[in-house]
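Everything below concerns the one structure shown next.
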Amino acid sequence: MNTVSSGERTYPTDAQGFLKNASDWDEEFAEAMAPLVGIQAGLTPRHWEVLRFIRDEYRKGGECPLVFTTCRAKGLNLRELESLFPAGYLRGACRLAGVTYRDRFVDFYGEKSTVAPAPLETAPGTAPPSGKTYRVDPLGFLVDPGDWDEEYAANKAREMKLPGGLAAEHLRVLRYLRGRFQETGIVPTVIECCKANGLELEGLERLFPDGYHRGAVKLAGLCVRAGTDG
């Protein structure tokens, strides 16, 4: 079993170092975890502002707040987010706060096990939809990243009610995520994604209002799961 220890207390974690039970969190957990996510000099008041906001939003809303919500509320731009949490929002700030996008009091996403493509309009001369069925987990993430194709992304975008559907700028981000994952086996952080695609957080939010992991990463057929990537 994976654990993090502080003093006499031991905290069970998953293979990625995320707290298994969000209710086990306390400040000692965050302090013990900080060096493991690249914060060697200890947590500053600015770090604690962010962590307490994430915890408060989780308690009030029942799920981990989006990176856009946290950064807007705490006045963080991409550069300060990277300076404070070099491991990223999910694998840095949220990990220290003891919650992830998988944690929720209420299952807002339903219990779907498969996604069958809805009919797509096709331009003259293009191939019709394949009619594939894609296996997804209870949170709507593709089970096997190898099953992904752009038809999946288009149908998932419709299911998620992405305003205007997928455009070329969406696909540029999704192809970047797919390419990096194929090269490294790791889902890029939101910081890496924005920098590689010349985006600020506001631009990413405009493209993927459901969030980075719950929007862009999901549409790319990827997911940060215990034991699968960093």
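The chains in the structure tokens are called A, B, ... from first to last as shown; in each chain the residues are counted from 1, and the ligands are counted from 1 in the order shown.
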List as CSV every residue of range 123-174 of chain A that is in contact with range 201-218 of chain A, defined as an atom at most 7 Å from one of its atoms (using only C-alpha atoms), together with the nearest atom pair and the distance in Å rounded to one decimal, sorted by chain and then rising number.
```
residue,atom,partner,partner_atom,distance
A:Phe141,CA,A:Lys218,CA,5.6
A:His170,CA,A:Leu207,CA,6.4
A:Leu174,CA,A:Ala216,CA,6.7
```
TODO: Compile the contact shell of range 192-196 of chain A as an MDAnalysis selection string: residues with an atom at most 9 Å away, counting only C-alpha atoms, same-chain residues fewer than 4 positions apart removed.
DONE: chainID A and resid 78 88 173 176:177 188 200:201 203:204
Could you save those same residues with C-alpha atoms as a JSON list (two decimals), in the first residue's frame?
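Output below, filename part00.json:
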```
[["chain", "number", "residue", "atom", "x", "y", "z"],
["A", 78, "LEU", "CA", -0.06, 30.68, -15.74],
["A", 88, "GLY", "CA", 0.96, 21.37, -12.20],
["A", 173, "VAL", "CA", -4.81, 20.93, -28.49],
["A", 176, "TYR", "CA", -0.86, 17.81, -28.93],
["A", 177, "LEU", "CA", -2.13, 15.88, -25.89],
["A", 188, "PRO", "CA", 0.88, 16.76, -19.95],
["A", 200, "GLU", "CA", -3.12, 31.57, -21.45],
["A", 201, "LEU", "CA", -5.57, 30.02, -18.99],
["A", 203, "GLY", "CA", -7.83, 30.98, -23.81],
["A", 204, "LEU", "CA", -7.88, 27.37, -22.65]]
```
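Excluding Gln182 in chain A itself and any same-chain residue fewer than 5 positions from it, the protein and nucleic acid residues within 12 Å of it, counting only C-alpha atoms, are Pro145, Gly146, Arg175, Tyr176, Leu177, Val187, Pro188, Ala220, Gly221, Leu222 and Asp229 of chain A.
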Just the selected residues (N, CA and C atoms), exported as a JSON list (two decimals), in the first residue's frame, please.
```json
[["chain", "number", "residue", "atom", "x", "y", "z"],
["A", 145, "PRO", "N", -7.03, 4.35, -24.16],
["A", 145, "PRO", "CA", -6.66, 5.49, -25.02],
["A", 145, "PRO", "C", -6.43, 5.10, -26.47],
["A", 146, "GLY", "N", -6.11, 3.83, -26.71],
["A", 146, "GLY", "CA", -5.88, 3.36, -28.07],
["A", 146, "GLY", "C", -7.13, 3.31, -28.91],
["A", 175, "ARG", "N", -4.66, 16.99, -30.42],
["A", 175, "ARG", "CA", -3.57, 16.28, -31.09],
["A", 175, "ARG", "C", -2.25, 16.44, -30.34],
["A", 176, "TYR", "N", -2.05, 17.61, -29.76],
["A", 176, "TYR", "CA", -0.86, 17.81, -28.93],
["A", 176, "TYR", "C", -0.88, 16.84, -27.75],
["A", 177, "LEU", "N", -2.02, 16.76, -27.05],
["A", 177, "LEU", "CA", -2.13, 15.88, -25.89],
["A", 177, "LEU", "C", -1.88, 14.43, -26.29],
["A", 187, "VAL", "N", 0.22, 12.15, -19.28],
["A", 187, "VAL", "CA", -0.65, 13.25, -19.70],
["A", 187, "VAL", "C", 0.04, 14.57, -19.33],
["A", 188, "PRO", "N", 0.23, 15.49, -20.28],
["A", 188, "PRO", "CA", 0.88, 16.76, -19.95],
["A", 188, "PRO", "C", 0.10, 17.53, -18.89],
["A", 220, "ALA", "N", -9.52, 14.18, -25.45],
["A", 220, "ALA", "CA", -8.37, 13.54, -26.10],
["A", 220, "ALA", "C", -8.31, 12.05, -25.81],
["A", 221, "GLY", "N", -9.28, 11.53, -25.05],
["A", 221, "GLY", "CA", -9.32, 10.10, -24.76],
["A", 221, "GLY", "C", -8.31, 9.66, -23.73],
["A", 222, "LEU", "N", -7.84, 10.61, -22.90],
["A", 222, "LEU", "CA", -6.82, 10.32, -21.91],
["A", 222, "LEU", "C", -7.37, 10.54, -20.50],
["A", 229, "ASP", "N", 0.00, 6.86, -15.31],
["A", 229, "ASP", "CA", 0.86, 7.94, -15.77],
["A", 229, "ASP", "C", 1.15, 8.87, -14.61]]
```
Open item on the list: For a quick check of understanding, using only C-alpha atoms, which of A:Val50, A:Leu36, A:Leu66, A:Ala22 has the smallest distance to Val4 in chain A?
Closed with: A:Leu36
Open item on the list: I need the residues in range 27-210 of chain A that are strand (DSSP E or B) according to DSSP; give them as a ChimeraX atom specification.
Closed with: /A:63,104,114-115,134-136,142
Would you export the selected residues with all heavy atoms as an mmCIF file, in the first residue's frame, please?
```cif
data_model
loop_
_atom_site.group_PDB
_atom_site.id
_atom_site.type_symbol
_atom_site.label_atom_id
_atom_site.label_comp_id
_atom_site.auth_asym_id
_atom_site.auth_seq_id
_atom_site.Cartn_x
_atom_site.Cartn_y
_atom_site.Cartn_z
ATOM 1 N N GLU A 63 -17.053 18.879 -5.310
ATOM 2 C CA GLU A 63 -16.038 18.340 -6.196
ATOM 3 C C GLU A 63 -14.860 19.309 -6.270
ATOM 4 O O GLU A 63 -14.959 20.482 -5.904
ATOM 5 C CB GLU A 63 -16.587 18.063 -7.596
ATOM 6 C CG GLU A 63 -17.081 19.271 -8.345
ATOM 7 C CD GLU A 63 -17.581 18.915 -9.740
ATOM 8 O OE1 GLU A 63 -17.307 17.801 -10.223
ATOM 9 O OE2 GLU A 63 -18.243 19.758 -10.337
ATOM 10 N N ARG A 104 -15.793 13.353 -5.461
ATOM 11 C CA ARG A 104 -17.029 14.145 -5.459
ATOM 12 C C ARG A 104 -18.003 13.515 -4.481
ATOM 13 O O ARG A 104 -18.037 12.302 -4.279
ATOM 14 C CB ARG A 104 -17.649 14.233 -6.848
ATOM 15 C CG ARG A 104 -17.837 12.919 -7.561
ATOM 16 C CD ARG A 104 -18.439 13.136 -8.943
ATOM 17 N NE ARG A 104 -17.732 14.167 -9.659
ATOM 18 C CZ ARG A 104 -16.651 13.943 -10.410
ATOM 19 N NH1 ARG A 104 -16.178 12.734 -10.505
ATOM 20 N NH2 ARG A 104 -16.078 14.943 -11.035
ATOM 21 N N THR A 114 -20.629 2.805 -21.589
ATOM 22 C CA THR A 114 -20.256 2.892 -22.995
ATOM 23 C C THR A 114 -20.820 4.170 -23.581
ATOM 24 O O THR A 114 -21.778 4.738 -23.062
ATOM 25 C CB THR A 114 -20.807 1.706 -23.822
ATOM 26 O OG1 THR A 114 -22.238 1.709 -23.755
ATOM 27 C CG2 THR A 114 -20.282 0.374 -23.321
ATOM 28 N N VAL A 115 -20.201 4.638 -24.643
ATOM 29 C CA VAL A 115 -20.716 5.786 -25.387
ATOM 30 C C VAL A 115 -20.873 5.364 -26.832
ATOM 31 O O VAL A 115 -19.879 5.028 -27.490
ATOM 32 C CB VAL A 115 -19.758 6.994 -25.303
ATOM 33 C CG1 VAL A 115 -20.219 8.104 -26.248
ATOM 34 C CG2 VAL A 115 -19.708 7.526 -23.889
ATOM 35 N N TYR A 134 -17.536 3.119 -27.840
ATOM 36 C CA TYR A 134 -16.325 3.396 -27.075
ATOM 37 C C TYR A 134 -16.591 3.132 -25.598
ATOM 38 O O TYR A 134 -17.537 3.657 -25.027
ATOM 39 C CB TYR A 134 -15.917 4.864 -27.254
ATOM 40 C CG TYR A 134 -15.722 5.274 -28.695
ATOM 41 C CD1 TYR A 134 -16.805 5.689 -29.466
ATOM 42 C CD2 TYR A 134 -14.470 5.253 -29.283
ATOM 43 C CE1 TYR A 134 -16.642 6.072 -30.795
ATOM 44 C CE2 TYR A 134 -14.288 5.639 -30.602
ATOM 45 C CZ TYR A 134 -15.378 6.041 -31.357
ATOM 46 O OH TYR A 134 -15.216 6.418 -32.659
ATOM 47 N N ARG A 135 -15.746 2.334 -24.987
ATOM 48 C CA ARG A 135 -15.903 2.038 -23.561
ATOM 49 C C ARG A 135 -15.370 3.199 -22.734
ATOM 50 O O ARG A 135 -14.235 3.631 -22.921
ATOM 51 C CB ARG A 135 -15.151 0.760 -23.188
ATOM 52 C CG ARG A 135 -15.718 -0.505 -23.801
ATOM 53 C CD ARG A 135 -14.895 -1.721 -23.401
ATOM 54 N NE ARG A 135 -13.497 -1.552 -23.761
ATOM 55 C CZ ARG A 135 -12.480 -1.768 -22.926
ATOM 56 N NH1 ARG A 135 -12.702 -2.131 -21.669
ATOM 57 N NH2 ARG A 135 -11.231 -1.614 -23.323
ATOM 58 N N VAL A 136 -16.204 3.681 -21.811
ATOM 59 C CA VAL A 136 -15.777 4.752 -20.921
ATOM 60 C C VAL A 136 -16.017 4.336 -19.473
ATOM 61 O O VAL A 136 -16.828 3.454 -19.197
ATOM 62 C CB VAL A 136 -16.520 6.080 -21.217
ATOM 63 C CG1 VAL A 136 -16.239 6.552 -22.628
ATOM 64 C CG2 VAL A 136 -18.019 5.946 -20.993
ATOM 65 N N LEU A 142 -12.395 7.739 -21.529
ATOM 66 C CA LEU A 142 -12.170 6.571 -22.365
ATOM 67 C C LEU A 142 -11.309 5.561 -21.610
ATOM 68 O O LEU A 142 -10.270 5.906 -21.045
ATOM 69 C CB LEU A 142 -11.476 7.010 -23.658
ATOM 70 C CG LEU A 142 -11.419 6.021 -24.823
ATOM 71 C CD1 LEU A 142 -12.826 5.672 -25.303
ATOM 72 C CD2 LEU A 142 -10.606 6.618 -25.969
#
```
Task: Å distance separating CA of Glu80 in chain A from CA of Gly17 in chain A, one decimal place - done: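 Distance reported for this atom pair: 23.2 Å.
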Task: Thr13 in chain A surroundings by only C-alpha atoms, 6 Å radius, close-in-sequence under 3 positions cut, as an NGL selection string - done: :A and (2-3 or 17-20)
I need the residues from that last selection saved to file as a PDB file, in the first residue's frame (with N, CA and C atoms), if you can.
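Here's the written file again_38.pdb:
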```pdb
ATOM      1  N   ASN A   2       0.517   2.239  -0.800  1.00  0.00           N
ATOM      2  CA  ASN A   2       1.254   3.487  -0.856  1.00  0.00           C
ATOM      3  C   ASN A   2       0.820   4.391   0.302  1.00  0.00           C
ATOM      4  N   THR A   3       1.797   5.046   0.914  1.00  0.00           N
ATOM      5  CA  THR A   3       1.495   5.931   2.034  1.00  0.00           C
ATOM      6  C   THR A   3       2.434   7.131   2.018  1.00  0.00           C
ATOM      7  N   GLY A  17       0.173   9.147  -5.577  1.00  0.00           N
ATOM      8  CA  GLY A  17       0.381  10.009  -4.426  1.00  0.00           C
ATOM      9  C   GLY A  17      -0.815  10.849  -4.049  1.00  0.00           C
ATOM     10  N   PHE A  18      -1.978  10.585  -4.646  1.00  0.00           N
ATOM     11  CA  PHE A  18      -3.190  11.307  -4.268  1.00  0.00           C
ATOM     12  C   PHE A  18      -3.798  10.642  -3.034  1.00  0.00           C
ATOM     13  N   LEU A  19      -4.246  11.462  -2.110  1.00  0.00           N
ATOM     14  CA  LEU A  19      -4.860  10.957  -0.892  1.00  0.00           C
ATOM     15  C   LEU A  19      -6.063  10.084  -1.243  1.00  0.00           C
ATOM     16  N   LYS A  20      -6.122   8.882  -0.684  1.00  0.00           N
ATOM     17  CA  LYS A  20      -7.215   7.979  -1.025  1.00  0.00           C
ATOM     18  C   LYS A  20      -8.550   8.470  -0.497  1.00  0.00           C
TER      19      LYS A  20
END
```
Task: Straight-line distance linking CA of Phe85 in chain A with CA of Ala34 in chain A, stated in Å to one decimal - done: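 Here the two named atoms are 9.3 Å from each other.
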- [ ] Provide the CA of Ala154 in chain A to CA of Asp137 in chain A distance in Å, to one decimal place.
- [x]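 Those two atoms sit 18.0 Å apart.
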